[in-house]
$ cat my_file37.txt   # compact mmCIF, C-alpha atoms
# COMPACT_ATOMS: atom_id res chain seq x y z
CA MET A 1 -22.98 2.16 -2.20
CA LEU A 2 -21.54 3.69 0.92
CA GLY A 3 -17.80 3.37 1.32
CA PRO A 4 -15.65 2.51 4.31
CA PHE A 5 -15.22 4.99 7.14
CA ALA A 6 -11.43 4.64 7.12
CA SER A 7 -8.70 4.27 4.51
CA ALA A 8 -5.59 2.10 4.34
CA ALA A 9 -3.62 5.19 5.44
CA ASP A 10 -5.85 5.53 8.53
CA LEU A 11 -5.32 1.87 9.36
CA ARG A 12 -1.56 2.17 8.83
CA ALA A 13 -1.46 5.12 11.24
CA GLN A 14 -3.44 3.20 13.84
CA LEU A 15 -1.24 0.12 13.48
CA GLY A 16 1.88 2.23 13.80
CA ARG A 17 3.54 0.37 10.92
CA ASP A 18 3.32 -0.06 7.16
CA LEU A 19 0.96 -2.66 5.77
CA THR A 20 2.66 -5.75 4.40
CA ALA A 21 2.39 -6.91 0.79
CA ASP A 22 0.14 -9.75 2.01
CA GLU A 23 -2.17 -7.39 3.94
CA LEU A 24 -2.52 -4.59 1.41
CA PRO A 25 -4.78 -6.39 -1.12
CA HIS A 26 -7.34 -7.18 1.62
CA VAL A 27 -7.45 -3.92 3.56
CA ASP A 28 -10.12 -2.09 1.52
CA ARG A 29 -12.47 -5.10 1.65
CA LEU A 30 -11.91 -5.55 5.38
CA LEU A 31 -12.50 -1.85 6.12
CA ALA A 32 -15.68 -1.93 4.00
CA GLY A 33 -16.88 -5.00 5.90
CA ALA A 34 -16.17 -3.40 9.26
CA SER A 35 -18.03 -0.26 8.13
CA HIS A 36 -21.06 -2.36 7.13
CA LEU A 37 -21.01 -4.00 10.57
CA ILE A 38 -20.98 -0.55 12.17
CA ARG A 39 -23.96 0.57 10.08
CA MET A 40 -25.85 -2.62 11.00
CA THR A 41 -25.09 -2.10 14.70
CA ALA A 42 -26.31 1.49 14.36
CA GLY A 43 -29.74 0.32 13.19
CA TYR A 44 -28.79 0.68 9.52
CA GLN A 45 -27.84 4.33 9.88
CA GLN A 46 -25.78 5.35 6.87
CA ILE A 47 -23.65 7.61 9.13
CA SER A 48 -21.78 9.06 6.11
CA ARG A 49 -23.19 12.30 4.72
CA VAL A 50 -25.77 11.87 1.95
CA ASP A 51 -27.18 14.94 0.23
CA HIS A 52 -30.61 15.02 -1.43
CA ASP A 53 -31.56 11.48 -0.41
CA THR A 54 -35.15 10.41 -1.04
CA VAL A 55 -37.14 8.23 1.34
CA THR A 56 -40.78 7.18 1.26
CA LEU A 57 -42.30 7.00 4.73
CA ARG A 58 -45.61 5.48 5.73
CA GLY A 59 -48.06 7.95 7.17
CA SER A 60 -50.79 6.51 9.37
CA GLY A 61 -53.04 9.38 10.28
CA THR A 62 -50.62 11.32 12.50
CA VAL A 63 -49.35 14.86 11.96
CA VAL A 64 -45.69 14.01 12.70
CA LEU A 65 -43.22 11.77 10.86
CA ARG A 66 -39.74 10.82 12.08
CA LEU A 67 -37.03 10.89 9.42
CA PRO A 68 -34.99 7.67 9.55
CA GLN A 69 -31.37 8.78 8.99
CA ARG A 70 -29.46 10.93 11.49
CA PRO A 71 -28.44 13.64 11.84
CA VAL A 72 -30.86 15.38 9.51
CA ARG A 73 -29.04 18.28 7.84
CA ASP A 74 -31.85 19.70 5.73
CA VAL A 75 -35.28 18.84 4.33
CA THR A 76 -35.83 20.24 0.86
CA ALA A 77 -39.09 18.73 -0.38
CA VAL A 78 -42.09 16.54 0.31
CA ALA A 79 -43.51 15.20 -2.95
CA GLY A 80 -46.93 16.60 -3.78
CA LEU A 81 -46.88 19.25 -1.02
CA THR A 82 -45.81 22.86 -0.97
CA ALA A 83 -43.31 23.95 1.68
CA ALA A 84 -46.20 25.74 3.47
CA ALA A 85 -47.87 22.36 4.18
CA TRP A 86 -45.09 20.95 6.38
CA ARG A 87 -42.44 22.08 8.86
CA TRP A 88 -39.11 20.50 9.71
CA ASP A 89 -38.21 20.92 13.40
CA GLY A 90 -34.45 21.17 12.74
CA GLY A 91 -34.02 17.66 14.15
CA GLU A 92 -35.65 14.46 12.99
CA LEU A 93 -39.36 15.40 12.92
CA LEU A 94 -41.49 16.51 9.99
CA THR A 95 -44.88 17.99 10.92
CA ARG A 96 -47.94 18.67 8.76
CA VAL A 97 -49.04 22.26 9.43
CA ASP A 98 -51.78 22.51 6.80
CA GLY A 99 -54.51 20.89 8.93
CA TYR A 100 -54.07 17.44 7.39
CA CYS A 101 -52.40 14.26 8.62
CA TRP A 102 -49.74 12.12 7.00
CA ASP A 103 -51.99 9.49 5.44
CA GLY A 104 -50.40 7.05 3.02
CA PRO A 105 -46.89 7.32 1.62
CA ALA A 106 -44.88 10.53 2.00
CA THR A 107 -41.79 10.90 -0.20
CA VAL A 108 -39.27 13.21 1.43
CA THR A 109 -36.04 14.61 0.00
CA TYR A 110 -33.49 15.43 2.67
CA SER A 111 -29.78 15.51 3.50
CA HIS A 112 -28.38 13.61 6.47
CA GLY A 113 -25.32 12.06 8.02
CA HIS A 114 -21.89 13.08 9.24
CA ASP A 115 -18.95 14.65 7.44
CA PRO A 116 -15.54 12.94 7.88
CA GLU A 117 -14.44 15.83 10.15
CA ASP A 118 -17.31 15.23 12.59
CA VAL A 119 -16.33 13.57 15.86
CA ALA A 120 -19.01 10.89 15.49
CA TYR A 121 -17.71 9.94 12.05
CA GLN A 122 -14.17 9.77 13.41
CA VAL A 123 -15.37 7.39 16.15
CA ALA A 124 -16.82 5.13 13.44
CA ALA A 125 -13.52 5.27 11.54
CA LEU A 126 -11.56 4.41 14.67
CA ILE A 127 -13.78 1.42 15.44
CA ALA A 128 -13.53 0.20 11.81
CA CYS A 129 -9.73 0.35 12.07
CA ASP A 130 -9.76 -1.47 15.41
CA ALA A 131 -11.90 -4.27 13.97
CA VAL A 132 -9.53 -4.73 11.01
CA LYS A 133 -6.45 -4.35 13.18
CA ARG A 134 -7.49 -7.42 15.18
CA ILE A 135 -7.49 -9.57 12.05
CA LEU A 136 -4.14 -8.20 10.86
CA ILE A 137 -2.53 -8.84 14.23
CA ASN A 138 -3.95 -12.38 14.38
CA PRO A 139 -4.39 -13.57 10.75
CA GLU A 140 -4.42 -17.25 11.76
CA MET A 141 -7.44 -16.51 14.00
CA ILE A 142 -5.84 -18.21 16.98
CA ARG A 143 -8.17 -17.99 19.96
CA GLN A 144 -5.82 -19.28 22.62
CA ARG A 145 -2.28 -20.58 22.83
CA SER A 146 -0.22 -22.09 25.63
CA ILE A 147 3.45 -22.90 26.06
CA ASP A 148 4.38 -24.66 29.28
CA ASP A 149 2.89 -22.57 32.09
CA TYR A 150 2.30 -19.51 29.82
CA SER A 151 -1.20 -19.06 28.39
CA GLU A 152 -2.55 -16.29 26.18
CA THR A 153 -6.13 -15.62 25.06
CA LEU A 154 -6.51 -13.45 21.96
CA ALA A 155 -9.43 -11.33 20.81
CA ASP A 156 -11.72 -12.78 18.17
CA ALA A 157 -9.82 -12.19 14.93
CA ARG A 158 -12.83 -12.12 12.61
CA VAL A 159 -13.85 -8.68 11.44
CA SER A 160 -16.37 -8.14 14.19
CA LEU A 161 -17.21 -5.55 16.77
CA MET A 162 -16.37 -6.04 20.42
CA PRO A 163 -19.25 -5.53 22.90
CA GLY A 164 -17.88 -2.14 24.03
CA GLU A 165 -17.58 -1.00 20.41
CA GLN A 166 -21.17 -2.09 19.76
CA ASP A 167 -22.35 -0.09 22.78
CA THR A 168 -20.44 2.99 21.57
CA ILE A 169 -21.96 2.73 18.08
CA ARG A 170 -25.49 2.22 19.43
CA GLN A 171 -25.09 5.25 21.71
CA ALA A 172 -23.72 7.45 18.95
CA PHE A 173 -25.97 6.42 16.08
CA GLY A 174 -28.86 4.21 17.23
CA VAL A 175 -32.41 4.87 16.10
CA ARG A 176 -35.44 4.49 18.36
CA ASN A 177 -38.04 3.92 15.64
CA TRP A 178 -38.73 4.62 11.99
CA GLY A 179 -41.36 6.66 10.21
CA VAL A 180 -44.48 7.40 12.17
CA VAL A 181 -44.39 9.17 15.53
CA SER A 182 -47.30 8.36 17.82

$ encode --input "my_file37.txt" --output "structure tokens"
Amino acid sequence: MLGPFASAADLRAQLGRDLTADELPHVDRLLAGASHLIRMTAGYQQISRVDHDTVTLRGSGTVVLRLPQRPVRDVTAVAGLTAAAWRWDGGELLTRVDGYCWDGPATVTYSHGHDPEDVAYQVAALIACDAVKRILINPEMIRQRSIDDYSETLADARVSLMPGEQDTIRQAFGVRNWGVVS
């Protein structure tokens, strides 16, 4: 299972204060939930680095397959084929170069994703902290409050992503399609 993008220490730094005794037991779960929301928004991109992952793609008579997780770091094997039968383009495409097409399932072993030092990963960590920060700042999930002529509208306190955060995640990590390239 993939872990959260940020830690309690990251959240504490972003809040600019220590976590309270009431907040501390919930922080890891909330950060994990926010990270899952980010991965969902990114088209189920894992985002975190995964080495030697195996995926089975459906070939449908084309010579090119698109690997589903980004960024692709390395392709080490295609089950049942020698390395001379396929070529990785250094990006997301895997091409048959042996005169055949991808027909039927193709099991590929590859490494993909971002390291915690990568800017894109840090953006995901920042957005995860922001989503959790909203719930810590407004634990009663008050949407609006008014006193006399003063009125205040608060951000949604559920662990959720704001529209601008969703756009940022989709831009950074979104996937156009999976598997077969036409």

$ residues_around --input "my_file37.txt" --residues "range 97-111 of chain A" --least-positions-apart "4" --cutoff "9 Å" --atoms "all atoms listed in the file" --output "VMD selection string"
chain A and resid 49 to 65 67 69 71 to 80 84 to 87 180

$ write_last_selection --input "my_file37.txt" --atoms "C-alpha atoms" --output "PDB file, keeping the file's coordinate frame"
ATOM      1  CA  ARG A  49     -23.190  12.300   4.720  1.00  0.00           C
ATOM      2  CA  VAL A  50     -25.770  11.870   1.950  1.00  0.00           C
ATOM      3  CA  ASP A  51     -27.180  14.940   0.230  1.00  0.00           C
ATOM      4  CA  HIS A  52     -30.610  15.020  -1.430  1.00  0.00           C
ATOM      5  CA  ASP A  53     -31.560  11.480  -0.410  1.00  0.00           C
ATOM      6  CA  THR A  54     -35.150  10.410  -1.040  1.00  0.00           C
ATOM      7  CA  VAL A  55     -37.140   8.230   1.340  1.00  0.00           C
ATOM      8  CA  THR A  56     -40.780   7.180   1.260  1.00  0.00           C
ATOM      9  CA  LEU A  57     -42.300   7.000   4.730  1.00  0.00           C
ATOM     10  CA  ARG A  58     -45.610   5.480   5.730  1.00  0.00           C
ATOM     11  CA  GLY A  59     -48.060   7.950   7.170  1.00  0.00           C
ATOM     12  CA  SER A  60     -50.790   6.510   9.370  1.00  0.00           C
ATOM     13  CA  GLY A  61     -53.040   9.380  10.280  1.00  0.00           C
ATOM     14  CA  THR A  62     -50.620  11.320  12.500  1.00  0.00           C
ATOM     15  CA  VAL A  63     -49.350  14.860  11.960  1.00  0.00           C
ATOM     16  CA  VAL A  64     -45.690  14.010  12.700  1.00  0.00           C
ATOM     17  CA  LEU A  65     -43.220  11.770  10.860  1.00  0.00           C
ATOM     18  CA  LEU A  67     -37.030  10.890   9.420  1.00  0.00           C
ATOM     19  CA  GLN A  69     -31.370   8.780   8.990  1.00  0.00           C
ATOM     20  CA  PRO A  71     -28.440  13.640  11.840  1.00  0.00           C
ATOM     21  CA  VAL A  72     -30.860  15.380   9.510  1.00  0.00           C
ATOM     22  CA  ARG A  73     -29.040  18.280   7.840  1.00  0.00           C
ATOM     23  CA  ASP A  74     -31.850  19.700   5.730  1.00  0.00           C
ATOM     24  CA  VAL A  75     -35.280  18.840   4.330  1.00  0.00           C
ATOM     25  CA  THR A  76     -35.830  20.240   0.860  1.00  0.00           C
ATOM     26  CA  ALA A  77     -39.090  18.730  -0.380  1.00  0.00           C
ATOM     27  CA  VAL A  78     -42.090  16.540   0.310  1.00  0.00           C
ATOM     28  CA  ALA A  79     -43.510  15.200  -2.950  1.00  0.00           C
ATOM     29  CA  GLY A  80     -46.930  16.600  -3.780  1.00  0.00           C
ATOM     30  CA  ALA A  84     -46.200  25.740   3.470  1.00  0.00           C
ATOM     31  CA  ALA A  85     -47.870  22.360   4.180  1.00  0.00           C
ATOM     32  CA  TRP A  86     -45.090  20.950   6.380  1.00  0.00           C
ATOM     33  CA  ARG A  87     -42.440  22.080   8.860  1.00  0.00           C
ATOM     34  CA  VAL A 180     -44.480   7.400  12.170  1.00  0.00           C
TER      35      VAL A 180
END

$ residues_around --input "my_file37.txt" --residues "Ile38 in chain A" --least-positions-apart "6" --cutoff "8 Å" --atoms "only C-alpha atoms" --output "list in words"
Ala124, Ala128, Leu161, Gln166 and Ile169 of chain A

$ atom_distance --input "my_file37.txt" --atom1 "CA of Glu165 in chain A" --atom2 "CA of Tyr150 in chain A"
28.7 Å

$ residues_around --input "my_file37.txt" --residues "Ala120 in chain A" --least-positions-apart "3" --cutoff "12 Å" --atoms "only C-alpha atoms" --output "compact mmCIF listing (two decimals) with C-alpha atoms, in the frame of the given file"
# COMPACT_ATOMS: atom_id res chain seq x y z
CA PHE A 5 -15.22 4.99 7.14
CA ALA A 42 -26.31 1.49 14.36
CA ILE A 47 -23.65 7.61 9.13
CA SER A 48 -21.78 9.06 6.11
CA ARG A 49 -23.19 12.30 4.72
CA ARG A 70 -29.46 10.93 11.49
CA PRO A 71 -28.44 13.64 11.84
CA GLY A 113 -25.32 12.06 8.02
CA HIS A 114 -21.89 13.08 9.24
CA ASP A 115 -18.95 14.65 7.44
CA PRO A 116 -15.54 12.94 7.88
CA GLU A 117 -14.44 15.83 10.15
CA VAL A 123 -15.37 7.39 16.15
CA ALA A 124 -16.82 5.13 13.44
CA ALA A 125 -13.52 5.27 11.54
CA LEU A 126 -11.56 4.41 14.67
CA ILE A 127 -13.78 1.42 15.44
CA THR A 168 -20.44 2.99 21.57
CA ILE A 169 -21.96 2.73 18.08
CA ARG A 170 -25.49 2.22 19.43
CA GLN A 171 -25.09 5.25 21.71
CA ALA A 172 -23.72 7.45 18.95
CA PHE A 173 -25.97 6.42 16.08

$ closest_residue --input "my_file37.txt" --among "A:Pro139, A:Val119, A:Leu94, A:Ile147" --to "His26 in chain A" --atoms "only C-alpha atoms"
A:Pro139
